[in-house]
>>> print(open('work10.tsv').read())   # TSV, C-alpha atoms and all ligand atoms
chain	number	residue	atom	x	y	z
S	211	MET	CA	-27.69	-43.76	-81.35
S	212	PRO	CA	-26.57	-46.68	-83.51
S	213	ALA	CA	-26.84	-49.82	-81.27
S	214	VAL	CA	-29.33	-51.96	-83.23
S	215	THR	CA	-32.03	-49.58	-84.46
S	216	PRO	CA	-34.55	-51.10	-86.89
S	217	ALA	CA	-36.22	-48.72	-89.36
S	218	ASP	CA	-39.67	-50.24	-88.86
S	219	VAL	CA	-40.25	-50.63	-85.12
S	220	LEU	CA	-43.99	-51.38	-85.54
S	221	SER	CA	-43.26	-54.61	-87.41
S	222	LEU	CA	-41.27	-56.06	-84.48
S	223	PRO	CA	-42.72	-58.75	-82.20
S	224	ARG	CA	-44.27	-57.32	-78.99
S	225	VAL	CA	-43.51	-57.96	-75.36
S	226	HIS	CA	-46.10	-57.10	-72.71
S	227	ASP	CA	-47.42	-58.53	-69.47
S	228	THR	CA	-51.10	-59.42	-69.67
S	229	ASN	CA	-51.53	-61.19	-66.32
S	230	PRO	CA	-54.14	-59.13	-64.39
S	231	LEU	CA	-52.82	-60.53	-61.08
S	232	ALA	CA	-49.19	-59.62	-61.77
S	233	ALA	CA	-47.44	-57.72	-58.96
S	234	TYR	CA	-45.60	-54.64	-60.19
S	235	ARG	CA	-42.15	-54.29	-58.64
S	236	ASN	CA	-41.64	-51.08	-56.64
S	237	THR	CA	-38.31	-49.30	-56.24
S	238	ARG	CA	-36.32	-50.22	-53.13
S	239	ARG	CA	-33.46	-47.81	-53.69
S	240	ILE	CA	-32.09	-45.35	-56.25
S	241	VAL	CA	-28.37	-44.60	-56.33
S	242	GLN	CA	-26.21	-42.26	-58.38
S	243	ALA	CA	-23.30	-43.78	-60.35
S	244	THR	CA	-19.82	-42.88	-59.07
S	245	ARG	CA	-17.13	-41.53	-61.41
S	246	GLN	CA	-14.04	-43.67	-61.77
S	247	VAL	CA	-10.85	-43.43	-63.80
S	248	GLU	CA	-9.96	-46.75	-65.45
S	249	GLY	CA	-7.20	-48.22	-67.61
S	250	GLU	CA	-4.99	-45.63	-69.31
S	251	GLY	CA	-7.16	-42.77	-68.05
S	252	PHE	CA	-10.71	-43.00	-69.33
S	253	VAL	CA	-13.57	-41.93	-67.11
S	254	VAL	CA	-16.43	-44.33	-66.47
S	255	ARG	CA	-19.68	-43.97	-64.55
S	256	ARG	CA	-20.15	-46.88	-62.16
S	257	PRO	CA	-23.65	-47.48	-60.75
S	258	PHE	CA	-22.37	-50.53	-58.82
S	259	PRO	CA	-20.77	-51.64	-56.63
S	260	GLY	CA	-20.07	-47.95	-55.71
S	261	ARG	CA	-22.62	-47.13	-53.03
S	262	LEU	CA	-24.17	-50.60	-53.01
S	263	SER	CA	-23.10	-53.88	-51.43
S	264	LEU	CA	-22.55	-56.88	-53.71
S	265	ARG	CA	-25.51	-58.54	-51.98
S	266	ASP	CA	-27.79	-55.82	-53.46
S	267	VAL	CA	-26.74	-56.61	-57.04
S	268	ASP	CA	-26.25	-60.42	-56.92
S	269	PRO	CA	-25.51	-62.18	-59.37
S	270	PHE	CA	-23.69	-59.13	-60.80
S	271	LEU	CA	-20.47	-57.55	-59.55
S	272	LEU	CA	-19.88	-54.33	-61.46
S	273	LEU	CA	-21.40	-52.11	-64.15
S	274	ASP	CA	-19.40	-49.43	-65.99
S	275	GLN	CA	-20.78	-46.94	-68.51
S	276	MET	CA	-18.08	-45.58	-70.86
S	277	GLY	CA	-19.37	-42.32	-72.41
S	278	ALA	CA	-21.33	-41.34	-74.29
S	279	VAL	CA	-18.43	-39.02	-75.01
S	280	ASP	CA	-17.33	-37.18	-78.14
S	281	LEU	CA	-13.58	-37.77	-78.30
S	282	ALA	CA	-11.04	-35.54	-80.04
S	283	PRO	CA	-8.34	-37.21	-82.19
S	284	GLY	CA	-5.79	-38.97	-79.95
S	285	GLU	CA	-8.08	-38.85	-76.91
S	286	ALA	CA	-9.50	-42.39	-77.00
S	287	LYS	CA	-7.90	-44.65	-74.41
S	288	GLY	CA	-8.11	-48.28	-73.38
S	289	THR	CA	-6.66	-50.68	-70.83
S	290	PRO	CA	-3.23	-52.32	-70.75
S	291	TRP	CA	-2.95	-56.15	-70.61
S	292	HIS	CA	-4.57	-57.47	-67.42
S	293	PRO	CA	-5.88	-60.77	-66.03
S	294	HIS	CA	-9.29	-61.91	-64.83
S	295	ARG	CA	-10.46	-64.98	-62.87
S	296	GLY	CA	-13.74	-66.15	-61.39
S	297	PHE	CA	-16.41	-64.25	-63.35
S	298	GLU	CA	-17.62	-63.13	-66.81
S	299	THR	CA	-17.14	-59.71	-68.46
S	300	VAL	CA	-19.86	-58.63	-70.88
S	301	THR	CA	-18.92	-55.66	-73.08
S	302	TYR	CA	-21.76	-54.09	-75.09
S	303	MET	CA	-20.89	-51.27	-77.51
S	304	ILE	CA	-23.67	-48.83	-78.38
S	305	ASP	CA	-21.49	-46.37	-80.33
S	306	GLY	CA	-17.88	-46.46	-81.49
S	307	ALA	CA	-15.71	-49.57	-81.55
S	308	LEU	CA	-13.56	-51.42	-79.05
S	309	GLU	CA	-10.90	-53.91	-80.03
S	310	HIS	CA	-9.96	-56.78	-77.77
S	311	LYS	CA	-7.16	-59.35	-77.79
S	312	ASP	CA	-6.47	-62.14	-75.33
S	313	SER	CA	-3.85	-64.65	-74.26
S	314	THR	CA	-5.53	-67.52	-76.14
S	315	GLY	CA	-4.97	-65.65	-79.43
S	316	GLY	CA	-8.64	-64.68	-79.64
S	317	GLY	CA	-9.94	-61.20	-80.30
S	318	GLY	CA	-12.03	-58.98	-82.52
S	319	LEU	CA	-13.85	-55.69	-82.89
S	320	ILE	CA	-16.99	-54.95	-80.83
S	321	THR	CA	-19.13	-52.27	-82.48
S	322	ASN	CA	-22.62	-50.81	-83.08
S	323	GLY	CA	-24.75	-52.99	-80.84
S	324	GLY	CA	-22.39	-55.97	-80.67
S	325	THR	CA	-21.43	-57.73	-77.45
S	326	GLN	CA	-18.35	-59.62	-76.41
S	327	TRP	CA	-19.04	-62.09	-73.68
S	328	MET	CA	-15.86	-63.30	-72.01
S	329	THR	CA	-16.02	-66.06	-69.42
S	330	ALA	CA	-12.71	-65.55	-67.63
S	331	GLY	CA	-13.21	-68.74	-65.59
S	332	ALA	CA	-9.86	-70.11	-64.37
S	333	GLY	CA	-7.99	-67.22	-65.94
S	334	ILE	CA	-7.21	-65.19	-69.03
S	335	LEU	CA	-5.17	-62.11	-69.93
S	336	HIS	CA	-6.72	-59.52	-72.21
S	337	ILE	CA	-6.42	-55.98	-73.52
S	338	GLU	CA	-9.28	-53.64	-74.46
S	339	GLN	CA	-8.48	-50.72	-76.79
S	340	PRO	CA	-10.53	-48.27	-78.87
S	341	ASP	CA	-10.10	-49.10	-82.56
S	342	GLU	CA	-7.45	-47.24	-84.57
S	343	GLN	CA	-9.97	-45.13	-86.54
S	344	LEU	CA	-11.44	-43.77	-83.30
S	345	VAL	CA	-7.99	-42.97	-81.88
S	346	MET	CA	-6.85	-41.24	-85.10
S	347	LYS	CA	-10.00	-39.34	-86.03
S	348	GLY	CA	-11.89	-39.09	-82.74
S	349	GLY	CA	-15.64	-39.67	-82.56
S	350	VAL	CA	-18.44	-40.80	-80.30
S	351	MET	CA	-17.78	-43.65	-77.89
S	352	HIS	CA	-20.53	-45.23	-75.79
S	353	GLY	CA	-20.43	-48.67	-74.25
S	354	VAL	CA	-21.04	-50.63	-71.09
S	355	GLN	CA	-19.23	-53.42	-69.33
S	356	LEU	CA	-21.08	-55.72	-66.94
S	357	TRP	CA	-19.38	-58.25	-64.66
S	358	VAL	CA	-21.46	-61.37	-64.00
S	359	ASN	CA	-20.34	-63.55	-61.10
S	360	LEU	CA	-19.72	-67.28	-61.55
S	361	PRO	CA	-21.06	-69.75	-58.99
S	362	ALA	CA	-18.33	-71.56	-56.98
S	363	HIS	CA	-18.60	-74.74	-59.06
S	364	ALA	CA	-17.90	-72.81	-62.30
S	365	LYS	CA	-15.18	-70.36	-61.20
S	366	MET	CA	-12.36	-72.56	-62.55
S	367	THR	CA	-14.09	-73.41	-65.84
S	368	ALA	CA	-11.96	-72.98	-69.01
S	369	ALA	CA	-11.96	-69.42	-70.37
S	370	LYS	CA	-14.22	-68.89	-73.40
S	371	TYR	CA	-15.80	-66.23	-75.63
S	372	GLN	CA	-19.15	-65.59	-77.17
S	373	ASP	CA	-19.08	-62.99	-79.90
S	374	ILE	CA	-22.61	-61.66	-80.18
S	375	GLU	CA	-22.91	-59.79	-83.47
S	376	PRO	CA	-25.39	-56.87	-83.71
S	377	GLY	CA	-27.62	-59.06	-85.92
S	378	ASP	CA	-27.80	-61.79	-83.24
S	379	VAL	CA	-29.45	-59.54	-80.64
S	380	LYS	CA	-33.17	-60.27	-80.19
S	381	VAL	CA	-35.05	-57.05	-80.98
S	382	VAL	CA	-38.69	-56.61	-79.93
S	383	THR	CA	-41.00	-53.71	-79.09
S	384	ASN	CA	-43.67	-52.80	-76.51
S	385	LEU	CA	-47.46	-52.80	-76.90
S	386	ASN	CA	-47.55	-49.35	-78.56
S	387	GLY	CA	-44.47	-49.87	-80.74
S	388	ASP	CA	-42.68	-46.82	-79.34
S	389	ALA	CA	-39.75	-48.58	-77.65
S	390	ILE	CA	-36.88	-50.68	-79.02
S	391	ILE	CA	-36.12	-53.59	-76.69
S	392	ARG	CA	-32.82	-55.35	-77.41
S	393	ILE	CA	-32.43	-58.61	-75.47
S	394	ILE	CA	-28.73	-59.46	-75.05
S	395	ALA	CA	-29.24	-62.41	-72.70
S	396	GLY	CA	-32.10	-64.26	-71.06
S	397	ASN	CA	-35.85	-63.96	-71.59
S	398	LEU	CA	-38.55	-61.32	-71.70
S	399	GLY	CA	-41.78	-63.30	-72.01
S	400	GLU	CA	-41.36	-65.78	-74.86
S	401	HIS	CA	-38.51	-63.77	-76.43
S	402	GLU	CA	-34.94	-64.90	-75.79
S	403	GLY	CA	-31.57	-63.19	-76.23
S	404	PRO	CA	-28.40	-64.92	-77.52
S	405	GLY	CA	-26.03	-64.67	-74.49
S	406	MET	CA	-25.38	-67.93	-72.63
S	407	THR	CA	-24.70	-67.66	-68.90
S	408	PHE	CA	-23.80	-70.04	-66.06
S	409	THR	CA	-26.26	-68.28	-63.76
S	410	PRO	CA	-29.62	-67.42	-65.37
S	411	ILE	CA	-29.94	-63.68	-66.03
S	412	THR	CA	-31.91	-61.25	-68.20
S	413	TYR	CA	-30.02	-58.31	-69.74
S	414	ALA	CA	-31.63	-55.83	-72.15
S	415	HIS	CA	-31.02	-52.34	-73.60
S	416	ILE	CA	-34.26	-50.41	-74.13
S	417	THR	CA	-34.75	-47.15	-76.01
S	418	LEU	CA	-38.04	-45.51	-75.02
S	419	MET	CA	-39.31	-42.66	-77.16
S	420	PRO	CA	-40.72	-39.68	-75.20
S	421	GLY	CA	-43.85	-40.78	-73.29
S	422	ALA	CA	-43.37	-44.50	-74.06
S	423	ARG	CA	-44.11	-47.17	-71.45
S	424	VAL	CA	-42.84	-50.75	-71.26
S	425	VAL	CA	-44.37	-53.48	-69.09
S	426	LEU	CA	-42.03	-56.45	-68.86
S	427	PRO	CA	-42.75	-59.88	-67.39
S	428	TRP	CA	-39.96	-60.63	-64.90
S	429	ARG	CA	-39.12	-63.88	-63.10
S	430	PRO	CA	-40.13	-63.45	-59.44
S	431	ASP	CA	-36.98	-65.29	-58.27
S	432	PHE	CA	-34.70	-62.83	-60.19
S	433	SER	CA	-33.20	-59.63	-58.86
S	434	ALA	CA	-34.19	-56.56	-60.95
S	435	MET	CA	-32.35	-53.32	-61.69
S	436	VAL	CA	-32.86	-50.43	-64.12
S	437	TYR	CA	-29.95	-48.15	-65.07
S	438	ALA	CA	-30.56	-44.90	-66.99
S	439	LEU	CA	-27.93	-44.45	-69.75
S	440	ASN	CA	-29.45	-41.15	-70.90
S	441	GLY	CA	-32.71	-39.24	-70.63
S	442	ARG	CA	-35.25	-39.44	-67.83
S	443	GLY	CA	-38.47	-41.11	-66.80
S	444	THR	CA	-40.00	-43.19	-64.04
S	445	VAL	CA	-39.60	-46.79	-62.95
S	446	GLY	CA	-41.53	-49.35	-60.88
S	447	GLY	CA	-45.14	-49.61	-59.74
S	448	ASP	CA	-44.46	-46.54	-57.56
S	449	ASN	CA	-43.35	-44.48	-60.62
S	450	ALA	CA	-40.10	-43.33	-58.98
S	451	PRO	CA	-38.22	-40.69	-61.02
S	452	LEU	CA	-35.02	-41.99	-62.67
S	453	ALA	CA	-32.51	-39.78	-64.53
S	454	GLU	CA	-29.23	-40.29	-66.40
S	455	ALA	CA	-26.54	-42.15	-64.41
S	456	GLU	CA	-29.01	-43.36	-61.76
S	457	LEU	CA	-29.67	-47.01	-60.91
S	458	ALA	CA	-32.93	-48.31	-59.43
S	459	ILE	CA	-32.96	-51.53	-57.40
S	460	LEU	CA	-36.44	-53.01	-57.53
S	461	ASP	CA	-38.30	-55.00	-54.89
S	462	GLU	CA	-40.01	-58.36	-55.38
S	463	GLY	CA	-42.77	-58.90	-57.91
S	464	ASP	CA	-43.25	-60.27	-61.41
S	465	VAL	CA	-43.46	-57.20	-63.64
S	466	VAL	CA	-40.93	-54.42	-64.34
S	467	THR	CA	-42.35	-51.13	-65.66
S	468	ILE	CA	-40.48	-48.19	-67.15
S	469	THR	CA	-41.98	-44.97	-68.53
S	470	ALA	CA	-40.15	-42.23	-70.45
S	471	ALA	CA	-40.87	-38.59	-69.57
S	472	ASP	CA	-42.85	-36.73	-72.27
S	473	LYS	CA	-40.03	-34.24	-72.68
S	474	GLN	CA	-36.46	-35.45	-73.12
S	475	ASP	CA	-33.42	-33.23	-73.32
S	476	GLY	CA	-29.90	-34.14	-74.31
S	477	ARG	CA	-28.36	-35.38	-77.52
S	478	ALA	CA	-30.19	-38.71	-77.65
S	479	GLY	CA	-33.72	-37.27	-77.23
S	480	ASN	CA	-34.87	-40.65	-75.85
S	481	PHE	CA	-34.81	-42.47	-72.52
S	482	ASP	CA	-32.24	-45.27	-72.78
S	483	VAL	CA	-32.06	-47.83	-70.00
S	484	LEU	CA	-30.42	-51.14	-69.22
S	485	VAL	CA	-32.73	-53.60	-67.50
S	486	LEU	CA	-30.96	-56.43	-65.75
S	487	GLY	CA	-31.38	-59.07	-63.10
S	488	GLY	CA	-30.78	-62.73	-62.39
S	489	LEU	CA	-30.92	-65.59	-59.98
S	490	PRO	CA	-28.89	-64.53	-56.93
S	491	ILE	CA	-25.87	-66.81	-56.30
S	492	ARG	CA	-25.76	-66.12	-52.52
S	493	GLU	CA	-22.22	-67.39	-51.94
S	494	PRO	CA	-19.35	-65.71	-50.06
S	495	ILE	CA	-17.32	-63.28	-52.19
S	496	ALA	CA	-13.60	-62.57	-51.83
S	497	HIS	CA	-12.33	-60.07	-54.41
S	498	TYR	CA	-9.13	-58.31	-55.24
S	499	GLY	CA	-8.94	-56.17	-58.39
S	500	PRO	CA	-9.52	-58.43	-61.38
S	501	PHE	CA	-10.06	-61.63	-59.35
S	502	VAL	CA	-13.41	-62.55	-57.77
S	503	MET	CA	-13.44	-65.81	-55.80
S	504	ASN	CA	-15.12	-67.25	-52.69
S	505	THR	CA	-12.23	-67.25	-50.18
S	506	ARG	CA	-9.08	-65.27	-49.37
S	507	GLU	CA	-6.95	-68.38	-50.01
S	508	GLN	CA	-8.34	-68.57	-53.55
S	509	ILE	CA	-7.39	-64.90	-54.11
S	510	ILE	CA	-3.80	-65.55	-52.98
S	511	GLU	CA	-3.72	-68.59	-55.28
S	512	ALA	CA	-5.03	-66.43	-58.17
S	513	MET	CA	-2.25	-63.85	-57.61
S	514	GLU	CA	0.39	-66.60	-57.57
S	515	ASP	CA	-1.02	-68.25	-60.68
S	516	PHE	CA	-1.03	-64.88	-62.49
S	517	GLN	CA	2.58	-64.09	-61.45
S	518	LYS	CA	3.74	-67.56	-62.56
S	519	GLY	CA	2.11	-67.13	-65.97
S	520	ARG	CA	-0.57	-69.79	-65.41
S	521	MET	CA	-3.33	-67.48	-66.68
S	522	GLY	CA	-1.62	-67.29	-70.07
S	523	GLN	CA	1.04	-65.18	-71.77
S	524	ILE	CA	0.79	-61.95	-73.73
S	525	PRO	CA	0.99	-63.05	-77.39
S	526	ALA	CA	4.08	-61.92	-79.38
S	527	VAL	CA	3.46	-58.98	-81.69
S	528	HIS	CA	4.49	-59.59	-85.32
S	529	PHE	CA	5.37	-56.56	-87.43
S	601	MN	MN	-10.86	-56.52	-68.47
>>> encode(input="work10.tsv", output="C-alpha cells")
Amino acid sequence: MPAVTPADVLSLPRVHDTNPLAAYRNTRRIVQATRQVEGEGFVVRRPFPGRLSLRDVDPFLLLDQMGAVDLAPGEAKGTPWHPHRGFETVTYMIDGALEHKDSTGGGGLITNGGTQWMTAGAGILHIEQPDEQLVMKGGVMHGVQLWVNLPAHAKMTAAKYQDIEPGDVKVVTNLNGDAIIRIIAGNLGEHEGPGMTFTPITYAHITLMPGARVVLPWRPDFSAMVYALNGRGTVGGDNAPLAEAELAILDEGDVVTITAADKQDGRAGNFDVLVLGGLPIREPIAHYGPFVMNTREQIIEAMEDFQKGRMGQIPAVHF
C-alpha cells in the first residue's frame, strides 16, 4: 500500500469532531459497485453512477476503481485518445503508475499517492496509459478516477491541469493515531488539501488500521459518501456494515464516522476508504459519453466541435 504512508503516524496533526451537539450522519443507502470494461480492455469497479441517479451523487458524476490488480507482463492497458468537455477528471494513483498526455502538449506520470486534476472545461483530448515499466514487467496497479461536475457558468472554461505530487497531499491522523487521512481536496476541520475546485468539495483517502475509528467534521450543506476500496468496517451513526466495492450514501448531519472491523482479511490488512462529498450543483444534466453539459443542444455542439478538431489535435509523435 504505497499511496502516501508516513513512518510515524503518531506525529501527524489530528482531526476529530469535538462538538457535543454534532449530528452524526446515518446511512441512506449502500450500493455495490458495478463491473465495467473501459478503454483498451481494463476492468474497473464503478460505485456510481451504476445503480444510483446523478442526483444522489451531486456534484460528482462517476467514480472508477482500477484494481488493485497484480498484472502479468504485457497485461497493463490504458485508453486511446479521447475528448472530454464540461467537467473535471481527478485521477489518484495508490499503486503503480499512469502516464497521461494531452492535446495542449501537457502530460506526466501519476504515481504513488499523486493526483492529476484535469479540468476539461471547453474541451481537451487526452490519453491515459500505464507506464512502460508496468507494461513490460507487470506489477500492482491500483488507482481511482473521479469525475467532478462543473456548474453551468464554468463548463466552457479553458482546460487546465493541477499536478498534485504525493508530497503535496495533506496527511493527518485521527484521535488515536491509528488511521492515515490523506486530504486530496477541500477541508477536514482546519486541515486543507491541495486540489482546487470550481464547486467546493472534500475528497480524502483514509487507511484505518483494524479497529480504528475516525470522526470527521463535515459541512452540513455537503453531500457525503464513503466508498470501501478494500477491507471492511462500519459507517455512519447507525454503524452500517460496509465492505470492499460498496458505496454508502449518507444522510444529513455534520459528522461522518467510519470504523474498521477488528479483523481484516485480504492483502492490504487494513480498511481503506474514500470519503467524498460537496456542495450539490442542482442543475440539469445532459450527458453523452465523454461530454457532460446542461442541454441536448450543448451535447450536439460538443460532438460537432470534437469532429471539427475544436477540442484540440493529437500531438505529432517524434521518434
Ligand atoms: Mn479520460
>>> residues_around(input="work10.tsv", residues="Pro257 in chain S", least_positions_apart="2", cutoff="9 Å", atoms="all atoms listed in the file", output="ChimeraX atom specification")
/S:241-245,255,259-262,272-275,437,455-457
>>> residues_around(input="work10.tsv", residues="Tyr413 in chain S", least_positions_apart="5", cutoff="8 Å", atoms="only C-alpha atoms", output="JSON list (two decimals) with C-alpha atoms, in the coordinates of the input")
[["chain", "number", "residue", "atom", "x", "y", "z"],
["S", 393, "ILE", "CA", -32.43, -58.61, -75.47],
["S", 394, "ILE", "CA", -28.73, -59.46, -75.05],
["S", 395, "ALA", "CA", -29.24, -62.41, -72.70],
["S", 396, "GLY", "CA", -32.10, -64.26, -71.06],
["S", 484, "LEU", "CA", -30.42, -51.14, -69.22],
["S", 485, "VAL", "CA", -32.73, -53.60, -67.50],
["S", 486, "LEU", "CA", -30.96, -56.43, -65.75],
["S", 487, "GLY", "CA", -31.38, -59.07, -63.10]]
>>> atom_distance(input="work10.tsv", atom1="CA of Ala389 in chain S", atom2="CA of Asp268 in chain S")
27.4 Å
>>> residues_near_ligand(input="work10.tsv", ligand="ligand MN 601 (chain S)", cutoff="8 Å", atoms="only C-alpha atoms and all ligand atoms", output="ChimeraX atom specification")
/S:289,292-294,299,336-338,500
>>> residues_around(input="work10.tsv", residues="Ala470 in chain S", least_positions_apart="5", cutoff="10 Å", atoms="all atoms listed in the file", output="JSON, numbers by chain")
{"S": [389, 417, 418, 419, 420, 421, 422, 423, 424, 441, 442, 443, 444, 445, 451, 452, 453, 480, 481, 482, 483]}
>>> closest_residue(input="work10.tsv", among="S:Ala496, S:Ala450, S:Leu308, S:Ala368", to="Lys287 in chain S", atoms="all atoms listed in the file")
S:Leu308
>>> atom_distance(input="work10.tsv", atom1="CA of Glu454 in chain S", atom2="CA of Ser263 in chain S")
21.1 Å
>>> residues_around(input="work10.tsv", residues="Gly488 in chain S", least_positions_apart="4", cutoff="8 Å", atoms="all atoms listed in the file", output="PyMOL selection string")
chain S and resi 268-269+409-412+431-434
>>> closest_residue(input="work10.tsv", among="S:Phe270, S:Tyr371, S:Phe297, S:Phe252", to="His310 in chain S", atoms="only C-alpha atoms")
S:Tyr371
>>> closest_residue(input="work10.tsv", among="S:Thr321, S:Ser313, S:Ser221, S:Thr505", to="Pro340 in chain S", atoms="all atoms listed in the file")
S:Thr321
>>> axis_aligned_box(input="work10.tsv", around="range 384-398 of chain S", padding_each_side="8 Å", output="AutoDock Vina command-line options")
--center_x -38.1 --center_y -55.5 --center_z -75.9 --size_x 34.8 --size_y 33.4 --size_z 25.7
>>> closest_residue(input="work10.tsv", among="S:Ala278, S:Val247, S:Leu335, S:Leu460", to="Tyr234 in chain S", atoms="only C-alpha atoms")
S:Leu460
>>> build_atoms(input="work10.tsv", residues="range 257-280 of chain S", atoms="N, CA and C atoms", output="PDB file, in the frame of the given file")
ATOM      1  N   PRO S 257     -22.503 -47.387 -61.657  1.00  0.00           N
ATOM      2  CA  PRO S 257     -23.650 -47.480 -60.750  1.00  0.00           C
ATOM      3  C   PRO S 257     -23.446 -48.504 -59.626  1.00  0.00           C
ATOM      4  N   PHE S 258     -22.702 -49.607 -59.913  1.00  0.00           N
ATOM      5  CA  PHE S 258     -22.370 -50.530 -58.820  1.00  0.00           C
ATOM      6  C   PHE S 258     -21.064 -51.225 -59.096  1.00  0.00           C
ATOM      7  N   PRO S 259     -20.322 -51.650 -58.024  1.00  0.00           N
ATOM      8  CA  PRO S 259     -20.770 -51.640 -56.630  1.00  0.00           C
ATOM      9  C   PRO S 259     -20.918 -50.225 -56.057  1.00  0.00           C
ATOM     10  N   GLY S 260     -19.929 -49.326 -56.185  1.00  0.00           N
ATOM     11  CA  GLY S 260     -20.070 -47.950 -55.710  1.00  0.00           C
ATOM     12  C   GLY S 260     -20.711 -47.868 -54.340  1.00  0.00           C
ATOM     13  N   ARG S 261     -21.935 -47.348 -54.307  1.00  0.00           N
ATOM     14  CA  ARG S 261     -22.620 -47.130 -53.030  1.00  0.00           C
ATOM     15  C   ARG S 261     -23.411 -48.355 -52.576  1.00  0.00           C
ATOM     16  N   LEU S 262     -23.366 -49.426 -53.354  1.00  0.00           N
ATOM     17  CA  LEU S 262     -24.170 -50.600 -53.010  1.00  0.00           C
ATOM     18  C   LEU S 262     -23.280 -51.748 -52.553  1.00  0.00           C
ATOM     19  N   SER S 263     -23.841 -52.680 -51.802  1.00  0.00           N
ATOM     20  CA  SER S 263     -23.100 -53.880 -51.430  1.00  0.00           C
ATOM     21  C   SER S 263     -23.332 -54.908 -52.547  1.00  0.00           C
ATOM     22  N   LEU S 264     -22.414 -55.869 -52.651  1.00  0.00           N
ATOM     23  CA  LEU S 264     -22.550 -56.880 -53.710  1.00  0.00           C
ATOM     24  C   LEU S 264     -23.791 -57.738 -53.500  1.00  0.00           C
ATOM     25  N   ARG S 265     -24.263 -57.809 -52.259  1.00  0.00           N
ATOM     26  CA  ARG S 265     -25.510 -58.540 -51.980  1.00  0.00           C
ATOM     27  C   ARG S 265     -26.704 -57.901 -52.699  1.00  0.00           C
ATOM     28  N   ASP S 266     -26.683 -56.542 -52.806  1.00  0.00           N
ATOM     29  CA  ASP S 266     -27.790 -55.820 -53.460  1.00  0.00           C
ATOM     30  C   ASP S 266     -27.890 -56.137 -54.952  1.00  0.00           C
ATOM     31  N   VAL S 267     -26.757 -56.493 -55.575  1.00  0.00           N
ATOM     32  CA  VAL S 267     -26.740 -56.610 -57.040  1.00  0.00           C
ATOM     33  C   VAL S 267     -26.480 -58.043 -57.519  1.00  0.00           C
ATOM     34  N   ASP S 268     -26.410 -59.001 -56.610  1.00  0.00           N
ATOM     35  CA  ASP S 268     -26.250 -60.420 -56.920  1.00  0.00           C
ATOM     36  C   ASP S 268     -27.225 -60.822 -58.022  1.00  0.00           C
ATOM     37  N   PRO S 269     -26.801 -61.512 -59.110  1.00  0.00           N
ATOM     38  CA  PRO S 269     -25.510 -62.180 -59.370  1.00  0.00           C
ATOM     39  C   PRO S 269     -24.495 -61.307 -60.118  1.00  0.00           C
ATOM     40  N   PHE S 270     -24.654 -59.988 -60.102  1.00  0.00           N
ATOM     41  CA  PHE S 270     -23.690 -59.130 -60.800  1.00  0.00           C
ATOM     42  C   PHE S 270     -22.663 -58.590 -59.812  1.00  0.00           C
ATOM     43  N   LEU S 271     -21.562 -58.048 -60.374  1.00  0.00           N
ATOM     44  CA  LEU S 271     -20.470 -57.550 -59.550  1.00  0.00           C
ATOM     45  C   LEU S 271     -20.176 -56.080 -59.820  1.00  0.00           C
ATOM     46  N   LEU S 272     -20.305 -55.685 -61.086  1.00  0.00           N
ATOM     47  CA  LEU S 272     -19.880 -54.330 -61.460  1.00  0.00           C
ATOM     48  C   LEU S 272     -20.572 -53.940 -62.762  1.00  0.00           C
ATOM     49  N   LEU S 273     -20.883 -52.642 -62.885  1.00  0.00           N
ATOM     50  CA  LEU S 273     -21.400 -52.110 -64.150  1.00  0.00           C
ATOM     51  C   LEU S 273     -20.688 -50.783 -64.416  1.00  0.00           C
ATOM     52  N   ASP S 274     -20.082 -50.656 -65.589  1.00  0.00           N
ATOM     53  CA  ASP S 274     -19.400 -49.430 -65.990  1.00  0.00           C
ATOM     54  C   ASP S 274     -20.016 -48.899 -67.276  1.00  0.00           C
ATOM     55  N   GLN S 275     -20.333 -47.600 -67.278  1.00  0.00           N
ATOM     56  CA  GLN S 275     -20.780 -46.940 -68.510  1.00  0.00           C
ATOM     57  C   GLN S 275     -19.630 -46.068 -69.019  1.00  0.00           C
ATOM     58  N   MET S 276     -19.152 -46.366 -70.231  1.00  0.00           N
ATOM     59  CA  MET S 276     -18.080 -45.580 -70.860  1.00  0.00           C
ATOM     60  C   MET S 276     -18.765 -44.610 -71.824  1.00  0.00           C
ATOM     61  N   GLY S 277     -18.679 -43.300 -71.565  1.00  0.00           N
ATOM     62  CA  GLY S 277     -19.370 -42.320 -72.410  1.00  0.00           C
ATOM     63  C   GLY S 277     -20.844 -42.247 -72.031  1.00  0.00           C
ATOM     64  N   ALA S 278     -21.707 -41.748 -72.941  1.00  0.00           N
ATOM     65  CA  ALA S 278     -21.330 -41.340 -74.290  1.00  0.00           C
ATOM     66  C   ALA S 278     -20.441 -40.100 -74.225  1.00  0.00           C
ATOM     67  N   VAL S 279     -19.353 -40.130 -75.009  1.00  0.00           N
ATOM     68  CA  VAL S 279     -18.430 -39.020 -75.010  1.00  0.00           C
ATOM     69  C   VAL S 279     -17.951 -38.800 -76.449  1.00  0.00           C
ATOM     70  N   ASP S 280     -17.810 -37.522 -76.808  1.00  0.00           N
ATOM     71  CA  ASP S 280     -17.330 -37.180 -78.140  1.00  0.00           C
ATOM     72  C   ASP S 280     -15.828 -36.903 -78.027  1.00  0.00           C
TER      73      ASP S 280
END
